[in-house]
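The data block below is work.cif; it holds mmCIF, C-alpha atoms.
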```
data_query
loop_
_atom_site.label_atom_id
_atom_site.label_comp_id
_atom_site.auth_asym_id
_atom_site.auth_seq_id
_atom_site.Cartn_x
_atom_site.Cartn_y
_atom_site.Cartn_z
CA MET Q 255 0.00 0.00 0.00
CA TRP Q 256 2.76 2.48 1.04
CA ARG Q 257 4.68 1.72 -2.15
CA GLY Q 258 1.63 2.64 -4.25
CA ALA Q 259 1.26 5.91 -2.34
CA ALA Q 260 4.93 6.74 -2.87
CA VAL Q 261 4.64 6.10 -6.61
CA ARG Q 262 1.62 8.42 -6.82
CA LEU Q 263 3.55 11.16 -4.99
CA LEU Q 264 6.54 10.79 -7.29
CA ARG Q 265 4.25 11.05 -10.32
CA GLY Q 266 2.92 14.39 -9.17
CA GLY Q 267 0.28 13.91 -6.54
CA GLY Q 268 -2.04 11.65 -4.68
CA ALA Q 269 -5.81 11.29 -4.58
CA GLY Q 270 -6.30 15.06 -4.54
CA SER Q 271 -4.50 15.61 -7.83
CA SER Q 272 -6.35 12.66 -9.40
CA ARG Q 273 -9.65 14.23 -8.45
CA ALA Q 274 -8.46 17.54 -9.85
CA ALA Q 275 -7.48 15.90 -13.14
CA SER Q 276 -10.81 14.12 -13.28
CA GLY Q 277 -12.61 17.39 -12.57
CA ALA Q 278 -10.76 19.10 -15.39
CA ALA Q 279 -11.74 16.32 -17.80
CA VAL Q 280 -15.39 16.60 -16.79
CA ALA Q 281 -15.26 20.38 -17.19
CA GLU Q 282 -13.82 19.99 -20.69
CA LEU Q 283 -16.50 17.44 -21.55
CA ARG Q 284 -19.24 19.81 -20.33
CA ARG Q 285 -17.79 22.67 -22.37
CA ARG Q 286 -17.66 20.62 -25.55
CA LEU Q 287 -21.17 19.24 -25.11
CA GLU Q 288 -22.64 22.65 -24.30
CA ASN Q 289 -21.07 24.04 -27.46
CA GLU Q 290 -22.52 21.19 -29.50
CA LEU Q 291 -25.96 21.66 -27.95
CA GLU Q 292 -25.85 25.38 -28.71
CA ASN Q 293 -24.97 24.59 -32.31
CA ILE Q 294 -27.96 22.26 -32.55
CA ARG Q 295 -30.25 24.97 -31.19
CA GLY Q 296 -28.77 27.55 -33.53
CA ALA Q 297 -29.32 25.30 -36.55
CA GLY Q 298 -33.00 24.92 -35.65
CA THR Q 299 -32.66 21.15 -35.30
CA TRP Q 300 -33.28 20.87 -31.55
CA LYS Q 301 -35.64 18.01 -30.74
CA SER Q 302 -37.93 18.68 -27.80
CA GLU Q 303 -39.94 15.93 -26.15
CA ARG Q 304 -43.58 16.74 -25.62
CA ILE Q 305 -45.01 14.81 -22.69
CA ILE Q 306 -48.27 12.92 -23.19
CA ALA Q 307 -50.49 12.42 -20.16
CA SER Q 308 -53.01 10.05 -21.75
CA ARG Q 309 -53.20 6.89 -23.81
CA GLN Q 310 -51.84 6.89 -27.34
CA GLY Q 311 -54.57 7.62 -29.86
CA PRO Q 312 -55.93 10.11 -32.38
CA HIS Q 313 -56.70 12.48 -29.51
CA VAL Q 314 -54.17 12.93 -26.69
CA ARG Q 315 -53.64 15.15 -23.68
CA LEU Q 316 -50.29 16.87 -23.07
CA THR Q 317 -48.86 17.90 -19.72
CA SER Q 318 -48.19 21.32 -21.19
CA GLY Q 319 -51.92 21.91 -21.34
CA GLY Q 320 -54.84 21.36 -23.63
CA THR Q 321 -57.12 18.38 -24.06
CA GLY Q 322 -58.25 16.75 -27.25
CA ILE Q 323 -55.01 17.46 -29.09
CA LEU Q 324 -55.16 15.77 -32.50
CA ASN Q 325 -52.20 13.42 -32.89
CA PHE Q 326 -50.88 13.10 -36.43
CA CYS Q 327 -47.36 11.86 -35.75
CA ALA Q 328 -47.68 8.38 -34.22
CA ASN Q 329 -46.85 5.06 -35.89
CA ASN Q 330 -50.21 3.86 -34.59
CA TYR Q 331 -51.36 3.03 -38.11
CA LEU Q 332 -54.26 0.76 -37.19
CA GLY Q 333 -55.17 2.42 -33.89
CA LEU Q 334 -54.38 -0.74 -31.93
CA SER Q 335 -52.20 0.91 -29.27
CA SER Q 336 -55.29 1.54 -27.15
CA HIS Q 337 -57.63 -1.07 -28.61
CA PRO Q 338 -59.62 -2.60 -25.71
CA GLU Q 339 -58.94 -6.20 -26.76
CA VAL Q 340 -55.21 -5.51 -27.09
CA ILE Q 341 -55.11 -3.91 -23.62
CA ARG Q 342 -57.10 -6.79 -22.14
CA ALA Q 343 -54.69 -9.32 -23.68
CA ALA Q 344 -51.76 -7.48 -22.12
CA VAL Q 345 -53.39 -7.52 -18.68
CA GLU Q 346 -54.17 -11.22 -18.95
CA ALA Q 347 -50.59 -12.04 -19.99
CA LEU Q 348 -49.23 -9.91 -17.14
CA GLU Q 349 -51.38 -11.70 -14.58
CA LYS Q 350 -50.65 -15.20 -15.91
CA PHE Q 351 -46.95 -14.91 -16.86
CA GLY Q 352 -45.68 -12.07 -14.66
CA ALA Q 353 -43.94 -8.76 -15.28
CA GLY Q 354 -40.83 -10.21 -16.92
CA LEU Q 355 -38.39 -13.08 -17.11
CA SER Q 356 -35.23 -11.58 -15.54
CA SER Q 357 -33.30 -13.63 -18.06
CA VAL Q 358 -32.20 -13.94 -21.64
CA ARG Q 359 -34.03 -16.47 -23.78
CA PHE Q 360 -31.53 -19.37 -23.75
CA ILE Q 361 -31.09 -19.44 -19.96
CA CYS Q 362 -34.56 -19.31 -18.45
CA GLY Q 363 -36.32 -16.61 -20.46
CA THR Q 364 -38.52 -18.50 -22.90
CA GLN Q 365 -42.19 -18.96 -22.06
CA SER Q 366 -44.87 -20.67 -24.10
CA ILE Q 367 -46.26 -17.29 -25.18
CA HIS Q 368 -42.91 -16.36 -26.79
CA LYS Q 369 -42.91 -19.53 -28.89
CA ASP Q 370 -46.60 -19.06 -29.73
CA LEU Q 371 -45.98 -15.51 -30.94
CA GLU Q 372 -42.97 -16.54 -33.04
CA GLU Q 373 -45.06 -19.26 -34.68
CA LYS Q 374 -47.87 -16.75 -35.30
CA ILE Q 375 -45.49 -14.23 -36.88
CA ALA Q 376 -44.09 -16.89 -39.22
CA ARG Q 377 -47.61 -17.96 -40.18
CA PHE Q 378 -48.69 -14.35 -40.75
CA HIS Q 379 -45.76 -13.76 -43.14
CA GLN Q 380 -46.03 -17.27 -44.61
CA ARG Q 381 -42.44 -18.07 -43.60
CA GLU Q 382 -40.84 -21.07 -41.93
CA ASP Q 383 -39.88 -19.58 -38.57
CA ALA Q 384 -39.37 -16.33 -36.62
CA ILE Q 385 -37.25 -14.99 -33.76
CA LEU Q 386 -38.20 -12.20 -31.33
CA TYR Q 387 -36.01 -9.26 -30.29
CA ALA Q 388 -36.46 -6.41 -27.83
CA CYS Q 389 -36.95 -4.07 -30.81
CA CYS Q 390 -36.40 -4.05 -34.56
CA PHE Q 391 -33.26 -1.95 -34.05
CA ASP Q 392 -31.87 -5.02 -32.26
CA ALA Q 393 -33.11 -7.32 -35.02
CA ASN Q 394 -31.21 -5.21 -37.56
CA ALA Q 395 -28.17 -5.04 -35.29
CA GLY Q 396 -28.23 -8.81 -34.88
CA ILE Q 397 -28.55 -10.17 -38.39
CA PHE Q 398 -25.81 -8.68 -40.59
CA GLU Q 399 -22.97 -9.24 -38.13
CA ALA Q 400 -24.03 -12.82 -37.53
CA LEU Q 401 -24.75 -13.76 -41.14
CA LEU Q 402 -22.10 -11.98 -43.23
CA THR Q 403 -18.33 -12.48 -43.27
CA PRO Q 404 -15.41 -10.66 -45.00
CA GLU Q 405 -16.02 -12.97 -47.97
CA ASP Q 406 -19.54 -11.58 -48.47
CA ALA Q 407 -21.12 -8.34 -49.70
CA VAL Q 408 -24.12 -6.29 -48.58
CA LEU Q 409 -25.78 -3.72 -50.85
CA SER Q 410 -27.85 -1.08 -49.05
CA ASP Q 411 -30.20 1.68 -50.25
CA GLU Q 412 -28.70 5.06 -49.31
CA LEU Q 413 -31.90 6.11 -47.50
CA ASN Q 414 -32.31 2.96 -45.43
CA HIS Q 415 -33.29 3.39 -41.79
CA ALA Q 416 -30.52 4.18 -39.30
CA SER Q 417 -30.91 0.75 -37.70
CA ILE Q 418 -30.09 -0.97 -41.00
CA ILE Q 419 -27.12 1.34 -41.52
CA ASP Q 420 -25.82 0.70 -38.00
CA GLY Q 421 -26.41 -3.04 -38.31
CA ILE Q 422 -24.39 -3.15 -41.52
CA ARG Q 423 -21.58 -1.16 -39.89
CA LEU Q 424 -21.23 -3.93 -37.32
CA CYS Q 425 -20.58 -6.63 -39.89
CA LYS Q 426 -17.31 -7.36 -41.70
CA ALA Q 427 -18.81 -7.80 -45.15
CA ASN Q 428 -17.86 -5.66 -48.12
CA LYS Q 429 -20.28 -2.73 -48.12
CA TYR Q 430 -21.97 -1.12 -51.11
CA ARG Q 431 -24.43 1.77 -50.99
CA TYR Q 432 -26.66 2.30 -54.02
CA LYS Q 433 -28.64 5.44 -54.88
CA HIS Q 434 -32.16 5.58 -53.49
CA MET Q 435 -34.37 3.15 -55.43
CA ASP Q 436 -32.01 3.47 -58.43
CA MET Q 437 -32.00 0.09 -60.16
CA GLU Q 438 -29.25 1.01 -62.62
CA ASP Q 439 -26.94 1.86 -59.74
CA LEU Q 440 -27.92 -1.29 -57.86
CA GLU Q 441 -27.16 -3.40 -60.93
CA ALA Q 442 -23.75 -1.80 -61.29
CA LYS Q 443 -23.00 -2.52 -57.65
CA LEU Q 444 -24.21 -6.12 -58.02
CA GLN Q 445 -21.91 -6.59 -61.02
CA ASP Q 446 -18.96 -5.39 -58.96
CA ALA Q 447 -19.99 -7.61 -56.04
CA GLN Q 448 -19.84 -10.80 -58.14
CA LYS Q 449 -16.33 -11.37 -56.79
CA HIS Q 450 -17.74 -12.02 -53.32
CA ARG Q 451 -19.12 -15.29 -51.98
CA LEU Q 452 -22.62 -14.16 -50.94
CA ARG Q 453 -24.52 -10.99 -51.89
CA LEU Q 454 -27.34 -9.56 -49.78
CA VAL Q 455 -29.47 -6.63 -50.99
CA ALA Q 456 -30.93 -4.73 -48.00
CA THR Q 457 -33.76 -2.24 -48.30
CA ASP Q 458 -36.64 -0.76 -46.39
CA GLY Q 459 -39.95 -1.95 -47.78
CA ALA Q 460 -41.54 1.43 -47.05
CA PHE Q 461 -39.21 4.33 -46.32
CA SER Q 462 -40.21 6.02 -43.08
CA MET Q 463 -39.18 9.58 -43.90
CA ASP Q 464 -40.40 9.74 -47.49
CA GLY Q 465 -43.45 7.49 -47.61
CA ASP Q 466 -42.27 5.76 -50.78
CA ILE Q 467 -42.22 2.04 -51.54
CA ALA Q 468 -39.14 0.12 -52.59
CA PRO Q 469 -39.33 -1.33 -56.14
CA LEU Q 470 -39.16 -4.86 -54.82
CA LYS Q 471 -40.17 -6.52 -58.06
CA GLU Q 472 -37.21 -4.96 -59.86
CA ILE Q 473 -34.87 -5.57 -56.90
CA CYS Q 474 -35.81 -9.25 -56.82
CA GLU Q 475 -35.31 -9.56 -60.58
CA LEU Q 476 -31.79 -8.15 -60.24
CA ALA Q 477 -31.11 -10.37 -57.23
CA GLN Q 478 -32.14 -13.41 -59.23
CA LYS Q 479 -29.99 -12.31 -62.20
CA TYR Q 480 -26.90 -11.81 -60.03
CA ASP Q 481 -27.51 -14.64 -57.55
CA ALA Q 482 -28.17 -12.43 -54.51
CA LEU Q 483 -30.45 -12.64 -51.49
CA VAL Q 484 -33.02 -9.97 -50.61
CA PHE Q 485 -33.60 -8.55 -47.11
CA ILE Q 486 -36.41 -6.08 -46.35
CA ASP Q 487 -37.25 -4.05 -43.25
CA GLU Q 488 -41.04 -3.88 -43.01
CA CYS Q 489 -41.55 -1.69 -39.95
CA HIS Q 490 -43.68 0.80 -41.89
CA ALA Q 491 -45.58 -1.82 -43.88
CA THR Q 492 -46.42 -4.75 -41.59
CA GLY Q 493 -50.08 -4.77 -40.67
CA PHE Q 494 -51.53 -2.60 -43.42
CA LEU Q 495 -49.80 -3.08 -46.79
CA GLY Q 496 -50.36 -6.01 -49.13
CA PRO Q 497 -53.35 -7.59 -50.90
CA ASN Q 498 -54.65 -10.69 -49.15
CA GLY Q 499 -54.78 -13.98 -50.94
CA ARG Q 500 -53.33 -13.00 -54.32
CA HIS Q 501 -50.24 -11.50 -55.89
CA VAL Q 502 -50.05 -8.43 -58.08
CA GLY Q 503 -47.66 -8.28 -60.98
CA THR Q 504 -47.34 -4.50 -61.16
CA ARG Q 505 -46.95 -1.64 -58.71
CA ARG Q 506 -50.67 -0.86 -58.79
CA SER Q 507 -52.13 1.68 -56.43
CA ILE Q 508 -51.57 1.01 -52.76
CA VAL Q 509 -55.05 2.46 -52.19
CA LEU Q 510 -56.60 -0.70 -53.67
CA SER Q 511 -54.35 -2.94 -51.60
CA PHE Q 512 -55.64 -1.56 -48.30
CA LEU Q 513 -59.12 -2.85 -49.08
CA LEU Q 514 -57.92 -6.39 -49.71
CA SER Q 515 -55.22 -6.61 -47.10
CA ILE Q 516 -54.48 -8.15 -43.76
CA GLY Q 517 -51.14 -6.43 -44.09
CA ARG Q 518 -48.37 -8.93 -44.74
CA GLY Q 519 -46.27 -6.17 -46.27
CA THR Q 520 -44.65 -4.84 -49.39
CA ASP Q 521 -43.45 -8.26 -50.58
CA GLU Q 522 -47.07 -9.39 -50.84
CA LEU Q 523 -48.20 -6.04 -52.23
CA LEU Q 524 -45.73 -6.33 -55.11
CA GLY Q 525 -46.06 -10.06 -55.65
CA VAL Q 526 -42.57 -11.18 -54.57
CA MET Q 527 -43.22 -13.11 -51.35
CA ASP Q 528 -41.38 -16.14 -52.75
CA LYS Q 529 -38.37 -14.03 -53.77
CA VAL Q 530 -37.66 -12.15 -50.50
CA THR Q 531 -35.51 -14.30 -48.21
CA ILE Q 532 -35.44 -12.32 -44.94
CA ILE Q 533 -37.94 -9.97 -43.32
CA ASN Q 534 -37.27 -7.85 -40.26
CA SER Q 535 -40.11 -5.90 -38.70
CA THR Q 536 -41.54 -4.46 -35.51
CA LEU Q 537 -44.30 -5.05 -33.01
CA GLY Q 538 -44.02 -1.41 -31.92
CA LYS Q 539 -46.00 0.29 -34.69
CA ALA Q 540 -49.11 -1.14 -36.35
CA LEU Q 541 -49.04 -4.37 -34.29
CA GLY Q 542 -50.08 -2.93 -30.95
CA GLY Q 543 -47.41 -0.26 -30.61
CA ALA Q 544 -45.81 -1.58 -27.41
CA ALA Q 545 -42.29 -2.81 -28.25
CA GLY Q 546 -40.46 -5.70 -29.82
CA GLY Q 547 -39.06 -6.70 -33.19
CA TYR Q 548 -38.43 -9.87 -35.12
CA THR Q 549 -36.75 -11.65 -38.00
CA THR Q 550 -38.68 -14.16 -40.06
CA GLY Q 551 -37.41 -16.37 -42.86
CA PRO Q 552 -35.91 -19.83 -43.49
CA LYS Q 553 -35.79 -22.06 -40.44
CA PRO Q 554 -32.02 -22.71 -40.58
CA LEU Q 555 -31.43 -18.94 -40.57
CA ILE Q 556 -33.62 -18.47 -37.50
CA GLU Q 557 -31.93 -21.35 -35.69
CA PHE Q 558 -28.53 -19.85 -36.55
CA LEU Q 559 -29.57 -16.44 -35.17
CA ARG Q 560 -30.59 -18.08 -31.89
CA GLN Q 561 -27.00 -19.33 -31.63
CA ARG Q 562 -25.07 -16.31 -32.92
CA SER Q 563 -27.12 -13.10 -32.85
CA ARG Q 564 -25.70 -11.00 -30.02
CA PRO Q 565 -28.73 -8.76 -29.30
CA TYR Q 566 -30.83 -11.92 -28.95
CA LEU Q 567 -28.31 -13.78 -26.82
CA PHE Q 568 -27.55 -10.91 -24.45
CA SER Q 569 -30.90 -9.12 -24.03
CA ASN Q 570 -33.77 -9.92 -21.71
CA SER Q 571 -36.83 -11.61 -23.16
CA LEU Q 572 -39.80 -9.54 -24.25
CA PRO Q 573 -42.10 -8.89 -21.25
CA PRO Q 574 -45.26 -11.03 -21.24
CA ALA Q 575 -47.58 -8.01 -21.47
CA VAL Q 576 -45.85 -6.89 -24.69
CA VAL Q 577 -46.11 -10.41 -26.10
CA GLY Q 578 -49.80 -10.49 -25.22
CA CYS Q 579 -50.41 -7.15 -27.00
CA ALA Q 580 -48.71 -8.22 -30.21
CA SER Q 581 -50.33 -11.64 -30.28
CA LYS Q 582 -53.81 -10.16 -29.98
CA ALA Q 583 -53.04 -7.54 -32.65
CA LEU Q 584 -52.07 -10.32 -35.06
CA ASP Q 585 -55.24 -12.22 -34.18
CA LEU Q 586 -57.33 -9.16 -35.03
CA LEU Q 587 -55.56 -8.73 -38.36
CA MET Q 588 -55.80 -12.37 -39.38
CA ASP Q 589 -59.47 -12.55 -38.41
CA SER Q 590 -60.59 -9.53 -40.45
CA ASN Q 591 -59.29 -6.72 -42.65
CA ALA Q 592 -61.98 -4.33 -41.37
CA ILE Q 593 -59.50 -2.36 -39.22
CA ALA Q 594 -57.40 -1.35 -42.21
CA GLN Q 595 -60.20 -0.69 -44.68
CA SER Q 596 -60.65 2.99 -43.87
CA MET Q 597 -56.96 3.89 -44.15
CA ALA Q 598 -56.91 4.20 -47.94
CA ALA Q 599 -59.69 6.75 -48.16
CA LYS Q 600 -58.33 8.77 -45.24
CA THR Q 601 -54.80 8.79 -46.65
CA GLN Q 602 -56.10 9.89 -50.05
CA ARG Q 603 -58.28 12.57 -48.44
CA PHE Q 604 -55.33 14.16 -46.67
CA ARG Q 605 -52.93 13.93 -49.60
CA SER Q 606 -55.37 15.34 -52.15
CA LYS Q 607 -56.49 18.25 -49.97
CA MET Q 608 -52.91 19.20 -49.07
CA ALA Q 609 -51.80 19.04 -52.71
CA ALA Q 610 -54.76 21.17 -53.76
CA ALA Q 611 -53.71 23.75 -51.16
CA GLY Q 612 -50.25 23.97 -52.72
CA PHE Q 613 -48.15 21.75 -50.44
CA THR Q 614 -45.68 19.17 -51.76
CA ILE Q 615 -46.35 15.75 -50.25
CA SER Q 616 -43.64 13.12 -50.70
CA GLY Q 617 -44.30 9.45 -51.34
CA LYS Q 618 -47.20 7.68 -52.99
CA ASP Q 619 -50.44 6.66 -51.30
CA HIS Q 620 -48.71 5.65 -48.05
CA PRO Q 621 -50.14 6.88 -44.71
CA ILE Q 622 -46.72 8.48 -44.09
CA CYS Q 623 -47.34 11.89 -45.65
CA PRO Q 624 -44.21 14.09 -45.51
CA VAL Q 625 -45.04 17.77 -46.00
CA MET Q 626 -41.85 18.97 -47.70
CA LEU Q 627 -40.60 22.39 -46.53
CA GLY Q 628 -36.83 22.33 -47.08
CA ASP Q 629 -35.78 24.70 -44.30
CA ALA Q 630 -35.17 23.17 -40.86
CA GLN Q 631 -36.21 26.23 -38.87
CA LEU Q 632 -39.39 26.60 -40.94
CA ALA Q 633 -40.32 22.97 -40.23
CA ALA Q 634 -39.70 23.45 -36.49
CA VAL Q 635 -41.65 26.71 -36.15
CA MET Q 636 -44.56 25.45 -38.26
CA ALA Q 637 -44.82 22.35 -36.05
CA GLU Q 638 -45.05 24.61 -32.98
CA ASP Q 639 -47.69 26.76 -34.70
CA MET Q 640 -49.67 23.62 -35.49
CA LEU Q 641 -49.59 22.59 -31.84
CA ASP Q 642 -50.95 26.01 -30.88
CA ARG Q 643 -53.91 25.10 -33.09
CA GLY Q 644 -54.36 21.71 -31.44
CA ILE Q 645 -52.53 19.59 -34.04
CA TYR Q 646 -49.60 17.45 -32.83
CA VAL Q 647 -47.01 17.05 -35.63
CA ILE Q 648 -43.21 17.05 -35.60
CA GLY Q 649 -40.68 18.72 -37.85
CA PHE Q 650 -37.82 16.53 -39.11
CA SER Q 651 -34.47 17.89 -40.21
CA TYR Q 652 -30.81 16.90 -40.41
CA PRO Q 653 -29.43 14.46 -39.29
CA VAL Q 654 -32.72 12.52 -39.41
CA VAL Q 655 -33.21 13.59 -43.04
CA PRO Q 656 -30.67 15.06 -45.51
CA LYS Q 657 -29.80 18.73 -45.27
CA GLY Q 658 -32.19 20.93 -47.25
CA LYS Q 659 -34.98 18.34 -47.09
CA ALA Q 660 -36.65 19.26 -43.79
CA ARG Q 661 -40.28 18.33 -43.53
CA ILE Q 662 -43.22 17.82 -41.23
CA ARG Q 663 -44.15 14.15 -41.32
CA VAL Q 664 -47.88 13.54 -40.99
CA GLN Q 665 -49.06 9.99 -40.29
CA ILE Q 666 -52.62 8.90 -40.91
CA SER Q 667 -54.26 6.34 -38.63
CA ALA Q 668 -57.30 4.16 -39.20
CA VAL Q 669 -58.88 5.78 -36.14
CA HIS Q 670 -58.69 9.34 -37.49
CA SER Q 671 -62.06 10.68 -38.58
CA ASP Q 672 -62.68 12.70 -41.73
CA GLU Q 673 -63.27 15.68 -39.47
CA ASP Q 674 -59.87 15.14 -37.83
CA ILE Q 675 -58.17 15.13 -41.22
CA ASP Q 676 -60.01 18.24 -42.45
CA ARG Q 677 -59.09 20.10 -39.27
CA CYS Q 678 -55.43 19.16 -39.77
CA VAL Q 679 -55.44 20.38 -43.38
CA GLU Q 680 -57.09 23.66 -42.42
CA ALA Q 681 -54.46 24.27 -39.76
CA PHE Q 682 -51.66 23.56 -42.25
CA ILE Q 683 -53.11 26.06 -44.70
CA GLU Q 684 -53.40 28.74 -42.02
CA VAL Q 685 -49.88 28.15 -40.69
CA GLY Q 686 -48.39 27.78 -44.17
CA ARG Q 687 -49.70 31.17 -45.19
CA LYS Q 688 -48.54 32.73 -41.94
CA ARG Q 689 -44.97 31.44 -42.40
CA GLY Q 690 -44.69 31.94 -46.14
CA ALA Q 691 -44.79 28.28 -47.10
CA LEU Q 692 -47.94 29.04 -49.13
CA PRO Q 693 -48.74 32.19 -51.12
#
```
Rewrite the structure from the file as structure tokens, please.
Amino acid sequence: MWRGAAVRLLRGGGAGSSRAASGAAVAELRRRLENELENIRGAGTWKSERIIASRQGPHVRLTSGGTGILNFCANNYLGLSSHPEVIRAAVEALEKFGAGLSSVRFICGTQSIHKDLEEKIARFHQREDAILYACCFDANAGIFEALLTPEDAVLSDELNHASIIDGIRLCKANKYRYKHMDMEDLEAKLQDAQKHRLRLVATDGAFSMDGDIAPLKEICELAQKYDALVFIDECHATGFLGPNGRHVGTRRSIVLSFLLSIGRGTDELLGVMDKVTIINSTLGKALGGAAGGYTTGPKPLIEFLRQRSRPYLFSNSLPPAVVGCASKALDLLMDSNAIAQSMAAKTQRFRSKMAAAGFTISGKDHPICPVMLGDAQLAAVMAEDMLDRGIYVIGFSYPVVPKGKARIRVQISAVHSDEDIDRCVEAFIEVGRKRGALP
């Protein structure tokens, strides 16, 4: 002990100097972070968190005041987050199976309801098997690193979700990024990737910031031509995109697909279910909105992920209440398409009225309706003005979207009424004229 103290003294001080050095490091860290935060504020890209004091739904209450605020920014596409049967299923699972497992799956964290839900997910997507994760971010973090080696190649759309991008960064495969939905660029990249053992094309099915749909038919044709596999992230498609019971050979209007759909996703919508190898998706949006993600695909792949996927191996099991929510949501979808039937007309109502008013709405017929504004500060201030008028929307800017492409993303839910949508459009027109976004 005394020798250690002597060494510290010879090096310039004891515990007091160590604390001083540590204090200086913390002070420097604070200074740097405060400067960065000030830069974010100055750029108009500060992201505030509004606090909801009610259930999720088309009408919410905020702690900042006001009741009956219209919510147009949730991923609650089918309105199942507060559906009475979904809530009741969560309560029943909580009472029967407890609050949680206090374990990862392979130790003592697998209950019968986890296996039942995985089987139900595979059946819903018409795949061989499925594996649950704490969220789809984990599913995306867990697949590329486990599956791909330095001998392989992954080809990713440049506008893929951050979780896909981060998941690909974790793997050691050769990485290609092709221009957004540009099939000529993808083909060129696939030609270059022929020197690698395995090629995996990774794309969002529906892009969350733009509301557009990946050209899966063309992607799958190229994958077949160049002997590649296809992976899709279906977080913004599962539950409400895809005609039920038949395939379509062309990219016909998504509006028609809503009316025929139990929502298997973009692979069914575009008639390529047998050509997409791997699907990752979420339980935290249309399917109850609680939490959870999954991978579904060939059984050997799922079994391999159970052995090698780090987020699966080292994360606690999904809580029983969350499993109960998602299972009931899938039951409701597979029993009837009535929940999703009104989405097409409501989406079209909003898009057509906003376009007629002079706004530019990105995407095509998807309930994600980005109101394109360009300027980050304009998007932020218009979102605040909308809240003053009782409409809850959020402005998105860099780094969430590319610089110069700021927007307010509006999301339509099956539980919005026509009156809700009209009120939202009227508020946009009023605010747009006030801020110079409209003449």
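Among the candidate residues Q:Val635, Q:Leu495, Q:Ile666, Q:Ile556, the one lying nearest to Q:Pro312 is Q:Ile666, with distances computed using only C-alpha atoms.
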So that I can check the surroundings of Q:Arg661, please list as a list in words every protein, DNA and RNA residue that reaches within 8 Å of it, counting all atoms listed in the file and ignoring chain neighbours fewer than 4 positions away. Pro624, Val625, Met626, Leu627, Gly628, Asp629, Ala630, Ala633, Gly649, Phe650 and Ser651 of chain Q
Using the chain letters and numbers from the file, which residues does the PyMOL selection byres ((chain Q and resi 390) around 9) grab, as an mmCIF file with C-alpha atoms, keeping the file's coordinate frame?
```cif
data_model
loop_
_atom_site.group_PDB
_atom_site.id
_atom_site.type_symbol
_atom_site.label_atom_id
_atom_site.label_comp_id
_atom_site.auth_asym_id
_atom_site.auth_seq_id
_atom_site.Cartn_x
_atom_site.Cartn_y
_atom_site.Cartn_z
ATOM 1 C CA LEU Q 386 -38.200 -12.200 -31.330
ATOM 2 C CA TYR Q 387 -36.010 -9.260 -30.290
ATOM 3 C CA ALA Q 388 -36.460 -6.410 -27.830
ATOM 4 C CA CYS Q 389 -36.950 -4.070 -30.810
ATOM 5 C CA PHE Q 391 -33.260 -1.950 -34.050
ATOM 6 C CA ASP Q 392 -31.870 -5.020 -32.260
ATOM 7 C CA ALA Q 393 -33.110 -7.320 -35.020
ATOM 8 C CA ASN Q 394 -31.210 -5.210 -37.560
ATOM 9 C CA ALA Q 395 -28.170 -5.040 -35.290
ATOM 10 C CA SER Q 417 -30.910 0.750 -37.700
ATOM 11 C CA ASP Q 487 -37.250 -4.050 -43.250
ATOM 12 C CA CYS Q 489 -41.550 -1.690 -39.950
ATOM 13 C CA ASN Q 534 -37.270 -7.850 -40.260
ATOM 14 C CA SER Q 535 -40.110 -5.900 -38.700
ATOM 15 C CA THR Q 536 -41.540 -4.460 -35.510
ATOM 16 C CA LEU Q 537 -44.300 -5.050 -33.010
ATOM 17 C CA GLY Q 538 -44.020 -1.410 -31.920
ATOM 18 C CA ALA Q 545 -42.290 -2.810 -28.250
ATOM 19 C CA GLY Q 546 -40.460 -5.700 -29.820
ATOM 20 C CA GLY Q 547 -39.060 -6.700 -33.190
ATOM 21 C CA TYR Q 548 -38.430 -9.870 -35.120
ATOM 22 C CA THR Q 549 -36.750 -11.650 -38.000
#
```
Can you find the residues with an atom no farther than 12 Å from (-39.7, 8.7, -45.2), counting only C-alpha atoms, and report them as a PyMOL selection string? chain Q and resi 413-416+434+458-468+489-490+615-618+620-626+650-651+654-656+659-665
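Selection result for the displayed file, with the PyMOL selection byres ((chain Q and resi 568) around 10) as criterion, is Ser357, Val358, Arg359, Phe360, Ser563, Arg564, Pro565, Tyr566, Leu567, Ser569, Asn570 and Ser571 of chain Q.
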Please determine, counting only C-alpha atoms, which residue among Q:Cys327, Q:Leu572, Q:Ile645, Q:Met597 has the shortest atom-to-atom distance to Q:Asp672. Q:Met597
Excluding Q:Val340 and any residue of its chain fewer than 4 positions from it, enumerate the residues within 7 Å of it, using all atoms listed in the file, and give them as a PyMOL selection string. chain Q and resi 334+344+542+579+582-583
Write out as an MDAnalysis selection string the residues lying within 12 Å of Q:Asp436, counting only C-alpha atoms and excluding same-chain residues fewer than 3 positions away. chainID Q and resid 410:413 431:433 439:443 457 468:470 472:473 476
Compare Q:Ile419, Q:Val685, Q:Ile675, Q:Ile375 by their minimum atom-to-atom distance to Q:Gly551, counting only C-alpha atoms, and give me the closest one. Q:Ile375
Just the residues within 9 Å of Q:Leu324, please, counting only C-alpha atoms, with nothing from its chain fewer than 3 positions along; format it as a VMD selection string. chain Q and resid 311 to 315 641 644 to 647 670 674 677 to 678
What would the file look like if the residues just selected were written as a CSV table (one decimal), keeping the file's coordinate frame with C-alpha atoms?
```csv
chain,number,residue,atom,x,y,z
Q,311,GLY,CA,-54.6,7.6,-29.9
Q,312,PRO,CA,-55.9,10.1,-32.4
Q,313,HIS,CA,-56.7,12.5,-29.5
Q,314,VAL,CA,-54.2,12.9,-26.7
Q,315,ARG,CA,-53.6,15.2,-23.7
Q,641,LEU,CA,-49.6,22.6,-31.8
Q,644,GLY,CA,-54.4,21.7,-31.4
Q,645,ILE,CA,-52.5,19.6,-34.0
Q,646,TYR,CA,-49.6,17.4,-32.8
Q,647,VAL,CA,-47.0,17.0,-35.6
Q,670,HIS,CA,-58.7,9.3,-37.5
Q,674,ASP,CA,-59.9,15.1,-37.8
Q,677,ARG,CA,-59.1,20.1,-39.3
Q,678,CYS,CA,-55.4,19.2,-39.8
```
